[in-house]
Amino acid sequence: MDLGLKGKRALVCAASKGLGRGCAEALAEAGVALTINARGVDALEATAQHLRDTYGVPVTAVAGDITDEAARAEVLAAAGEVDILVTNAGGPPPGLWSDWDREHFIAALDANMLTPIALMKALLPGMMDRGWGRVVNITSSSVKSPIPQLGLSNAARTGLTGYVAGTSRQVASKGVTINNLCPGIHATDRADALDTAVTQSTGVTLDEARATRAATIPARRYGTSAEFGATCAFLCSQHAGYIVGQNIVLDGGAIVATI
């Protein structure tokens, strides 16, 4: 399927590995010129070179913490006028409700709600002026089914979901869509961190922790960054202009719900 994206320009955050890299790969394969961001310089530069060599598209790499205002301004300046925005930031640490104080929630909101909003505010006007744009926010399946030990993430990402629900309806008439991708467990560093926390609290091995978690998923496996990226690329495509303000869950069927 021709996604109709050749020659478009995208900014993909947290793109050096995991789900962000999966999105960058799929967009590059579709012929999209990329600006990619992540905190680690070496991994980011390696990813950028891989994308250039593999797909033959221009790739600009800008290292920095996208949640930091100055770093975000640098990324936006390098990206220029982009047609596609993929927001992504690492999730807050797991814990118990009694562990978290105000500063923990502020940090979670900054990373997983306010940063995506700041990026959208910066880039939506240009997309609207040009009459075409796509925003995909990588959030979490926890906005559909809260995960008890991820209370910080539950709160911040649900706040972003509410913002998108209203904002997406205000910009759709200008040819701009905003949607959220809500991943369940995928084979990424985030899953490794969560599984490692289980090993530390229960004494089981990492393989045992993974097997136990996979057994709770109807697909009986973790998702891959490649299939996640393909979904992202479709939402950014010429075929997805009628998908507005939706929360697309990719979790192997883990959430049990009729709607």
# chains A, B, ... in the order shown; residues from 1 in each chain; ligands from 1
>>> residues_around(residues="Ile147 in chain A", least_positions_apart="6", cutoff="12 Å", atoms="only C-alpha atoms", output="list in words")
Pro94, Gly95, Leu96, Trp97, Ser140, Ser141, Ser153, Asn154, Ala155, Arg157, Gly184, Ile185, Leu194, Ala254 and Ile255 of chain A
>>> select_by_dssp(residues="range 41-255 of chain A", states="strand (DSSP E)", output="PyMOL selection string")
chain A and resi 59-63+84-87+133-138+176-183+247-250
>>> residues_around(residues="Gly18 in chain A", least_positions_apart="3", cutoff="12 Å", atoms="only C-alpha atoms", output="PyMOL selection string")
chain A and resi 13-15+21-25+38+43-44+47+88-90+138+183+185-192+223-229
>>> residues_around(residues="Lys121 in chain A", least_positions_apart="6", cutoff="12 Å", atoms="only C-alpha atoms", output="tab-separated table (two decimals) with N, CA and C atoms, in the first residue's frame")
chain	number	residue	atom	x	y	z
A	76	LEU	N	12.92	21.82	17.83
A	76	LEU	CA	11.92	22.45	16.95
A	76	LEU	C	12.59	23.32	15.89
A	85	LEU	N	4.14	14.84	13.33
A	85	LEU	CA	4.74	14.88	14.66
A	85	LEU	C	4.40	13.59	15.39
A	114	LEU	N	2.53	17.65	29.38
A	114	LEU	CA	2.82	19.03	28.99
A	114	LEU	C	3.80	19.12	27.83
A	115	THR	N	4.76	18.19	27.75
A	115	THR	CA	5.70	18.22	26.63
A	115	THR	C	5.01	17.94	25.30
A	127	MET	N	0.92	23.28	10.31
A	127	MET	CA	0.17	22.22	9.63
A	127	MET	C	-1.17	22.74	9.14
A	128	MET	N	-1.85	23.50	9.98
A	128	MET	CA	-3.17	24.03	9.62
A	128	MET	C	-3.06	25.01	8.45
A	135	VAL	N	-0.55	14.15	13.72
A	135	VAL	CA	0.09	14.03	15.02
A	135	VAL	C	-0.28	12.68	15.61
A	163	TYR	N	-6.88	16.16	26.61
A	163	TYR	CA	-6.50	17.32	25.79
A	163	TYR	C	-6.67	17.01	24.31
A	164	VAL	N	-6.21	15.85	23.89
A	164	VAL	CA	-6.31	15.46	22.48
A	164	VAL	C	-7.77	15.31	22.06
A	167	THR	N	-8.87	18.94	21.38
A	167	THR	CA	-8.08	19.66	20.39
A	167	THR	C	-8.21	19.04	19.00
A	171	VAL	N	-9.06	21.00	15.03
A	171	VAL	CA	-8.12	21.18	13.92
A	171	VAL	C	-8.43	20.29	12.72
>>> closest_residue(among="A:Arg72, A:Arg130, A:Arg220, A:His239", to="Met1 in chain A", atoms="only C-alpha atoms")
A:His239
>>> atom_distance(atom1="CA of Leu3 in chain A", atom2="CA of Glu29 in chain A")
10.1 Å
>>> atom_distance(atom1="CA of Arg102 in chain A", atom2="CA of Leu152 in chain A")
10.6 Å
>>> select_by_dssp(residues="range 89-190 of chain A", states="alpha helix (DSSP H)", output="CSV table (one decimal) with all heavy atoms, in the first residue's frame")
chain,number,residue,atom,x,y,z
A,102,ARG,N,4.0,15.6,45.4
A,102,ARG,CA,3.7,16.5,44.4
A,102,ARG,C,4.7,16.6,43.3
A,102,ARG,O,4.4,16.6,42.1
A,102,ARG,CB,3.4,17.9,45.0
A,102,ARG,CG,3.0,19.0,44.0
A,102,ARG,CD,2.7,20.3,44.7
A,102,ARG,NE,2.1,21.2,43.7
A,102,ARG,CZ,2.7,22.0,42.9
A,102,ARG,NH1,4.1,21.9,42.8
A,102,ARG,NH2,2.1,22.8,42.1
A,103,GLU,N,6.0,16.6,43.7
A,103,GLU,CA,7.1,16.7,42.7
A,103,GLU,C,7.1,15.6,41.7
A,103,GLU,O,7.5,15.7,40.6
A,103,GLU,CB,8.4,16.9,43.4
A,103,GLU,CG,8.9,15.8,44.3
A,103,GLU,CD,8.5,15.9,45.7
A,103,GLU,OE1,7.5,16.6,46.0
A,103,GLU,OE2,9.2,15.3,46.6
A,104,HIS,N,6.7,14.4,42.2
A,104,HIS,CA,6.7,13.2,41.3
A,104,HIS,C,5.6,13.4,40.3
A,104,HIS,O,5.8,13.1,39.1
A,104,HIS,CB,6.5,12.0,42.1
A,104,HIS,CG,7.5,11.7,43.1
A,104,HIS,ND1,7.2,11.7,44.5
A,104,HIS,CD2,8.8,11.4,43.0
A,104,HIS,CE1,8.3,11.4,45.2
A,104,HIS,NE2,9.3,11.2,44.3
A,105,PHE,N,4.5,13.9,40.7
A,105,PHE,CA,3.4,14.1,39.7
A,105,PHE,C,3.7,15.2,38.7
A,105,PHE,O,3.4,15.2,37.5
A,105,PHE,CB,2.1,14.4,40.4
A,105,PHE,CG,1.4,13.2,41.0
A,105,PHE,CD1,1.6,12.9,42.3
A,105,PHE,CD2,0.7,12.4,40.1
A,105,PHE,CE1,1.0,11.7,42.8
A,105,PHE,CE2,0.1,11.2,40.7
A,105,PHE,CZ,0.2,10.9,42.0
A,106,ILE,N,4.4,16.3,39.2
A,106,ILE,CA,4.8,17.4,38.3
A,106,ILE,C,5.7,16.9,37.3
A,106,ILE,O,5.6,17.2,36.1
A,106,ILE,CB,5.4,18.5,39.1
A,106,ILE,CG1,4.4,19.2,40.0
A,106,ILE,CG2,6.0,19.6,38.2
A,106,ILE,CD1,3.2,19.8,39.3
A,107,ALA,N,6.7,16.1,37.7
A,107,ALA,CA,7.7,15.5,36.7
A,107,ALA,C,7.0,14.6,35.7
A,107,ALA,O,7.3,14.7,34.5
A,107,ALA,CB,8.7,14.7,37.4
A,108,ALA,N,6.0,13.8,36.1
A,108,ALA,CA,5.3,13.0,35.2
A,108,ALA,C,4.4,13.8,34.2
A,108,ALA,O,4.4,13.5,33.0
A,108,ALA,CB,4.4,12.0,36.0
A,109,LEU,N,3.8,14.8,34.7
A,109,LEU,CA,3.0,15.7,33.9
A,109,LEU,C,3.8,16.4,32.9
A,109,LEU,O,3.5,16.5,31.7
A,109,LEU,CB,2.2,16.7,34.7
A,109,LEU,CG,1.0,16.1,35.6
A,109,LEU,CD1,0.5,17.2,36.5
A,109,LEU,CD2,-0.1,15.6,34.7
A,115,THR,N,4.8,18.2,27.7
A,115,THR,CA,5.7,18.2,26.6
A,115,THR,C,5.0,17.9,25.3
A,115,THR,O,5.2,18.7,24.3
A,115,THR,CB,6.9,17.3,26.9
A,115,THR,OG1,7.7,17.8,27.9
A,115,THR,CG2,7.7,17.1,25.6
A,116,PRO,N,4.2,16.9,25.2
A,116,PRO,CA,3.5,16.7,23.9
A,116,PRO,C,2.6,17.9,23.6
A,116,PRO,O,2.5,18.3,22.4
A,116,PRO,CB,2.6,15.4,24.2
A,116,PRO,CG,3.4,14.7,25.2
A,116,PRO,CD,4.0,15.8,26.1
A,117,ILE,N,1.9,18.5,24.6
A,117,ILE,CA,1.1,19.6,24.3
A,117,ILE,C,1.9,20.8,23.8
A,117,ILE,O,1.5,21.5,22.8
A,117,ILE,CB,0.3,20.0,25.6
A,117,ILE,CG1,-0.7,19.0,25.9
A,117,ILE,CG2,-0.3,21.4,25.5
A,117,ILE,CD1,-1.4,19.2,27.3
A,118,ALA,N,3.1,21.0,24.4
A,118,ALA,CA,4.0,22.1,23.9
A,118,ALA,C,4.4,21.9,22.5
A,118,ALA,O,4.5,22.8,21.6
A,118,ALA,CB,5.2,22.2,24.8
A,119,LEU,N,4.7,20.6,22.1
A,119,LEU,CA,5.1,20.3,20.7
A,119,LEU,C,3.9,20.6,19.8
A,119,LEU,O,4.1,21.1,18.7
A,119,LEU,CB,5.6,18.9,20.7
A,119,LEU,CG,6.9,18.6,21.3
A,119,LEU,CD1,7.2,17.1,21.5
A,119,LEU,CD2,8.1,19.2,20.5
A,120,MET,N,2.8,20.1,20.2
A,120,MET,CA,1.6,20.4,19.3
A,120,MET,C,1.3,21.9,19.1
A,120,MET,O,1.0,22.3,18.0
A,120,MET,CB,0.4,19.6,19.9
A,120,MET,CG,0.4,18.1,19.7
A,120,MET,SD,-1.2,17.3,20.2
A,120,MET,CE,-0.7,17.0,21.9
A,121,LYS,N,1.4,22.6,20.2
A,121,LYS,CA,1.1,24.1,20.1
A,121,LYS,C,2.1,24.7,19.2
A,121,LYS,O,1.8,25.7,18.4
A,121,LYS,CB,1.2,24.7,21.5
A,121,LYS,CG,0.0,24.4,22.4
A,121,LYS,CD,0.1,25.2,23.6
A,121,LYS,CE,-0.1,26.7,23.4
A,121,LYS,NZ,-0.2,27.5,24.6
A,122,ALA,N,3.4,24.2,19.1
A,122,ALA,CA,4.4,24.8,18.3
A,122,ALA,C,4.2,24.4,16.8
A,122,ALA,O,4.5,25.3,15.9
A,122,ALA,CB,5.8,24.3,18.7
A,123,LEU,N,3.7,23.2,16.5
A,123,LEU,CA,3.7,22.7,15.2
A,123,LEU,C,2.3,22.7,14.5
A,123,LEU,O,2.2,22.7,13.3
A,123,LEU,CB,4.3,21.3,15.1
A,123,LEU,CG,5.8,21.3,15.5
A,123,LEU,CD1,6.3,19.8,15.6
A,123,LEU,CD2,6.6,22.1,14.5
A,124,LEU,N,1.2,22.7,15.3
A,124,LEU,CA,-0.1,22.6,14.7
A,124,LEU,C,-0.4,23.8,13.8
A,124,LEU,O,-1.0,23.7,12.7
A,124,LEU,CB,-1.2,22.5,15.8
A,124,LEU,CG,-1.3,21.1,16.4
A,124,LEU,CD1,-2.3,21.1,17.6
A,124,LEU,CD2,-1.8,20.1,15.3
A,125,PRO,N,-0.1,25.1,14.2
A,125,PRO,CA,-0.4,26.2,13.3
A,125,PRO,C,0.1,26.1,11.9
A,125,PRO,O,-0.6,26.4,10.9
A,125,PRO,CB,0.2,27.4,14.1
A,125,PRO,CG,0.2,27.0,15.5
A,125,PRO,CD,0.5,25.5,15.5
A,126,GLY,N,1.4,25.6,11.8
A,126,GLY,CA,2.0,25.5,10.4
A,126,GLY,C,1.2,24.4,9.7
A,126,GLY,O,1.0,24.6,8.4
A,127,MET,N,0.9,23.3,10.3
A,127,MET,CA,0.2,22.2,9.6
A,127,MET,C,-1.2,22.7,9.1
A,127,MET,O,-1.6,22.5,8.0
A,127,MET,CB,0.0,21.0,10.6
A,127,MET,CG,1.2,20.3,11.0
A,127,MET,SD,0.8,18.9,12.1
A,127,MET,CE,2.4,18.3,12.6
A,128,MET,N,-1.9,23.5,10.0
A,128,MET,CA,-3.2,24.0,9.6
A,128,MET,C,-3.1,25.0,8.5
A,128,MET,O,-3.9,25.0,7.5
A,128,MET,CB,-3.8,24.7,10.8
A,128,MET,CG,-4.1,23.7,12.0
A,128,MET,SD,-4.6,24.5,13.5
A,128,MET,CE,-6.2,25.2,13.1
A,129,ASP,N,-2.0,25.8,8.5
A,129,ASP,CA,-1.8,26.8,7.4
A,129,ASP,C,-1.6,26.1,6.1
A,129,ASP,O,-2.1,26.5,5.0
A,129,ASP,CB,-0.6,27.7,7.7
A,129,ASP,CG,-0.9,28.7,8.8
A,129,ASP,OD1,-2.1,28.9,9.1
A,129,ASP,OD2,0.0,29.3,9.3
A,130,ARG,N,-0.9,25.0,6.1
A,130,ARG,CA,-0.6,24.2,4.9
A,130,ARG,C,-1.7,23.3,4.5
A,130,ARG,O,-1.7,22.6,3.4
A,130,ARG,CB,0.7,23.4,5.1
A,130,ARG,CG,1.9,24.3,5.2
A,130,ARG,CD,3.2,23.5,5.2
A,130,ARG,NE,3.4,22.6,6.4
A,130,ARG,CZ,3.8,23.0,7.5
A,130,ARG,NH1,4.2,24.3,7.7
A,130,ARG,NH2,3.9,22.1,8.5
A,151,GLY,N,0.8,4.5,38.6
A,151,GLY,CA,-0.2,5.5,38.8
A,151,GLY,C,0.3,6.9,38.3
A,151,GLY,O,-0.6,7.7,37.8
A,152,LEU,N,1.6,7.2,38.3
A,152,LEU,CA,2.0,8.4,37.7
A,152,LEU,C,1.8,8.5,36.2
A,152,LEU,O,1.3,9.5,35.7
A,152,LEU,CB,3.5,8.6,37.9
A,152,LEU,CG,4.0,8.7,39.4
A,152,LEU,CD1,5.5,8.7,39.5
A,152,LEU,CD2,3.4,10.0,40.0
A,153,SER,N,2.0,7.4,35.5
A,153,SER,CA,1.8,7.3,34.1
A,153,SER,C,0.3,7.3,33.8
A,153,SER,O,-0.2,8.0,32.9
A,153,SER,CB,2.4,6.0,33.5
A,153,SER,OG,2.1,5.9,32.1
A,154,ASN,N,-0.5,6.6,34.6
A,154,ASN,CA,-2.0,6.6,34.4
A,154,ASN,C,-2.5,8.0,34.4
A,154,ASN,O,-3.3,8.4,33.6
A,154,ASN,CB,-2.7,5.9,35.6
A,154,ASN,CG,-2.3,4.4,35.6
A,154,ASN,OD1,-1.8,3.8,34.6
A,154,ASN,ND2,-2.6,3.7,36.7
A,155,ALA,N,-2.0,8.8,35.4
A,155,ALA,CA,-2.6,10.2,35.6
A,155,ALA,C,-2.1,11.1,34.5
A,155,ALA,O,-3.0,11.8,33.9
A,155,ALA,CB,-2.1,10.7,36.9
A,156,ALA,N,-0.8,11.1,34.1
A,156,ALA,CA,-0.3,12.1,33.2
A,156,ALA,C,-0.8,11.7,31.8
A,156,ALA,O,-1.2,12.6,31.0
A,156,ALA,CB,1.2,12.0,33.2
A,157,ARG,N,-0.8,10.5,31.4
A,157,ARG,CA,-1.2,10.1,30.0
A,157,ARG,C,-2.7,10.3,29.8
A,157,ARG,O,-3.2,10.6,28.7
A,157,ARG,CB,-0.8,8.7,29.7
A,157,ARG,CG,0.7,8.6,29.7
A,157,ARG,CD,1.1,7.2,29.2
A,157,ARG,NE,2.5,6.8,29.5
A,157,ARG,CZ,3.6,7.2,28.8
A,157,ARG,NH1,3.4,8.1,27.8
A,157,ARG,NH2,4.8,6.8,29.1
A,158,THR,N,-3.5,10.1,30.9
A,158,THR,CA,-5.0,10.3,30.8
A,158,THR,C,-5.2,11.8,30.6
A,158,THR,O,-6.1,12.2,29.8
A,158,THR,CB,-5.7,9.8,32.0
A,158,THR,OG1,-5.4,8.4,32.1
A,158,THR,CG2,-7.2,10.0,31.9
A,159,GLY,N,-4.4,12.7,31.2
A,159,GLY,CA,-4.6,14.1,31.0
A,159,GLY,C,-4.3,14.5,29.6
A,159,GLY,O,-5.1,15.3,29.0
A,160,LEU,N,-3.3,13.9,29.0
A,160,LEU,CA,-3.0,14.1,27.5
A,160,LEU,C,-4.1,13.7,26.7
A,160,LEU,O,-4.5,14.3,25.7
A,160,LEU,CB,-1.7,13.5,27.1
A,160,LEU,CG,-1.3,13.5,25.7
A,160,LEU,CD1,-1.1,15.0,25.2
A,160,LEU,CD2,-0.1,12.7,25.3
A,161,THR,N,-4.7,12.5,27.0
A,161,THR,CA,-5.8,11.9,26.2
A,161,THR,C,-7.0,12.9,26.2
A,161,THR,O,-7.6,13.1,25.2
A,161,THR,CB,-6.2,10.6,26.8
A,161,THR,OG1,-5.1,9.7,26.9
A,161,THR,CG2,-7.3,9.9,26.0
A,162,GLY,N,-7.3,13.5,27.4
A,162,GLY,CA,-8.4,14.5,27.4
A,162,GLY,C,-8.1,15.7,26.6
A,162,GLY,O,-9.0,16.2,25.9
A,163,TYR,N,-6.9,16.2,26.6
A,163,TYR,CA,-6.5,17.3,25.8
A,163,TYR,C,-6.7,17.0,24.3
A,163,TYR,O,-7.2,17.8,23.5
A,163,TYR,CB,-5.1,17.7,26.1
A,163,TYR,CG,-4.5,18.8,25.2
A,163,TYR,CD1,-4.7,20.2,25.6
A,163,TYR,CD2,-3.8,18.6,24.1
A,163,TYR,CE1,-4.3,21.2,24.9
A,163,TYR,CE2,-3.4,19.6,23.3
A,163,TYR,CZ,-3.6,20.9,23.7
A,163,TYR,OH,-3.1,22.0,22.9
A,164,VAL,N,-6.2,15.9,23.9
A,164,VAL,CA,-6.3,15.5,22.5
A,164,VAL,C,-7.8,15.3,22.1
A,164,VAL,O,-8.1,15.7,20.9
A,164,VAL,CB,-5.5,14.2,22.2
A,164,VAL,CG1,-5.9,13.6,20.9
A,164,VAL,CG2,-4.0,14.4,22.3
A,165,ALA,N,-8.6,14.8,23.0
A,165,ALA,CA,-10.0,14.6,22.6
A,165,ALA,C,-10.7,15.9,22.2
A,165,ALA,O,-11.4,15.9,21.2
A,165,ALA,CB,-10.8,14.0,23.8
A,166,GLY,N,-10.3,17.0,22.9
A,166,GLY,CA,-10.9,18.3,22.5
A,166,GLY,C,-10.2,18.9,21.3
A,166,GLY,O,-10.8,19.4,20.4
A,167,THR,N,-8.9,18.9,21.4
A,167,THR,CA,-8.1,19.7,20.4
A,167,THR,C,-8.2,19.0,19.0
A,167,THR,O,-8.3,19.7,18.0
A,167,THR,CB,-6.6,19.7,20.8
A,167,THR,OG1,-6.5,20.3,22.1
A,167,THR,CG2,-5.8,20.5,19.8
A,168,SER,N,-8.2,17.7,18.9
A,168,SER,CA,-8.3,17.1,17.6
A,168,SER,C,-9.5,17.5,16.8
A,168,SER,O,-9.5,17.6,15.6
A,168,SER,CB,-8.3,15.5,17.8
A,168,SER,OG,-9.4,15.1,18.5
A,169,ARG,N,-10.6,17.7,17.5
A,169,ARG,CA,-11.9,18.1,16.9
A,169,ARG,C,-11.8,19.6,16.4
A,169,ARG,O,-12.6,19.9,15.5
A,169,ARG,CB,-13.1,17.9,17.8
A,169,ARG,CG,-13.7,16.5,17.8
A,169,ARG,CD,-13.0,15.5,18.6
A,169,ARG,NE,-13.6,14.2,18.5
A,169,ARG,CZ,-13.2,13.1,19.2
A,169,ARG,NH1,-12.1,13.2,19.9
A,169,ARG,NH2,-13.8,12.0,19.0
A,170,GLN,N,-10.9,20.3,16.9
A,170,GLN,CA,-10.8,21.7,16.5
A,170,GLN,C,-9.9,22.0,15.3
A,170,GLN,O,-10.0,23.0,14.7
A,170,GLN,CB,-10.3,22.6,17.7
A,170,GLN,CG,-11.2,22.6,18.9
A,170,GLN,CD,-10.5,23.3,20.1
A,170,GLN,OE1,-10.3,24.5,20.0
A,170,GLN,NE2,-10.2,22.6,21.2
A,171,VAL,N,-9.1,21.0,15.0
A,171,VAL,CA,-8.1,21.2,13.9
A,171,VAL,C,-8.4,20.3,12.7
A,171,VAL,O,-7.8,20.4,11.7
A,171,VAL,CB,-6.7,20.9,14.4
A,171,VAL,CG1,-6.3,21.9,15.5
A,171,VAL,CG2,-6.4,19.5,14.8
A,189,ASP,N,13.0,-1.6,26.1
A,189,ASP,CA,13.6,-1.3,27.3
A,189,ASP,C,12.7,-1.1,28.5
A,189,ASP,O,12.9,-1.4,29.6
A,189,ASP,CB,14.6,-0.1,27.2
A,189,ASP,CG,15.8,-0.4,26.4
A,189,ASP,OD1,16.0,-1.6,26.0
A,189,ASP,OD2,16.6,0.5,26.1
A,190,ARG,N,11.5,-0.5,28.2
A,190,ARG,CA,10.5,-0.2,29.2
A,190,ARG,C,10.0,-1.5,29.7
A,190,ARG,O,9.8,-1.7,31.0
A,190,ARG,CB,9.4,0.6,28.6
A,190,ARG,CG,8.1,0.8,29.5
A,190,ARG,CD,8.5,1.7,30.6
A,190,ARG,NE,7.3,2.3,31.3
A,190,ARG,CZ,7.3,2.9,32.4
A,190,ARG,NH1,8.4,3.2,33.1
A,190,ARG,NH2,6.1,3.4,32.9
>>> residues_around(residues="Ala63 in chain A", least_positions_apart="4", cutoff="6 Å", atoms="only C-alpha atoms", output="PyMOL selection string")
chain A and resi 37-39+41
>>> write_last_selection(atoms="all heavy atoms", output="compact mmCIF listing (two decimals), in the first residue's frame")
# COMPACT_ATOMS: atom_id res chain seq x y z
N ASN A 37 14.92 12.69 17.66
CA ASN A 37 15.43 13.19 18.94
C ASN A 37 15.48 12.07 19.96
O ASN A 37 14.64 11.17 19.95
CB ASN A 37 14.53 14.32 19.45
CG ASN A 37 14.69 14.57 20.95
OD1 ASN A 37 13.85 14.12 21.73
ND2 ASN A 37 15.75 15.22 21.34
N ALA A 38 16.47 12.13 20.82
CA ALA A 38 16.56 11.27 22.01
C ALA A 38 17.64 11.87 22.89
O ALA A 38 18.40 12.76 22.47
CB ALA A 38 16.89 9.83 21.63
N ARG A 39 17.74 11.39 24.10
CA ARG A 39 18.72 11.95 25.03
C ARG A 39 20.13 11.44 24.78
O ARG A 39 21.10 12.17 24.91
CB ARG A 39 18.30 11.65 26.47
CG ARG A 39 17.11 12.47 26.93
CD ARG A 39 16.65 12.08 28.31
NE ARG A 39 16.10 10.73 28.33
CZ ARG A 39 15.62 10.13 29.42
NH1 ARG A 39 15.63 10.78 30.58
NH2 ARG A 39 15.13 8.92 29.36
N VAL A 41 23.33 10.53 22.85
CA VAL A 41 23.92 10.95 21.57
C VAL A 41 24.32 9.76 20.72
O VAL A 41 24.00 9.68 19.53
CB VAL A 41 25.15 11.85 21.83
CG1 VAL A 41 25.84 12.19 20.51
CG2 VAL A 41 24.74 13.11 22.56
>>> closest_residue(among="A:Ile248, A:Ala46, A:Val59, A:Met113", to="Thr87 in chain A", atoms="only C-alpha atoms")
A:Met113
>>> atom_distance(atom1="CA of Asn179 in chain A", atom2="CA of Gly252 in chain A")
19.4 Å
>>> residues_around(residues="Gly241 in chain A", least_positions_apart="5", cutoff="9 Å", atoms="only C-alpha atoms", output="MDAnalysis selection string")
chainID A and resid 134 172 175:177 235:236
>>> residues_around(residues="Ala79 in chain A", least_positions_apart="2", cutoff="8 Å", atoms="only C-alpha atoms", output="list in words")
Ala10, Leu11, Thr35, Thr60, Val75, Leu76, Ala77, Glu81 and Val82 of chain A
>>> closest_residue(among="A:Ala70, A:Ala197, A:Ile84, A:Leu181", to="Arg210 in chain A", atoms="only C-alpha atoms")
A:Ala197
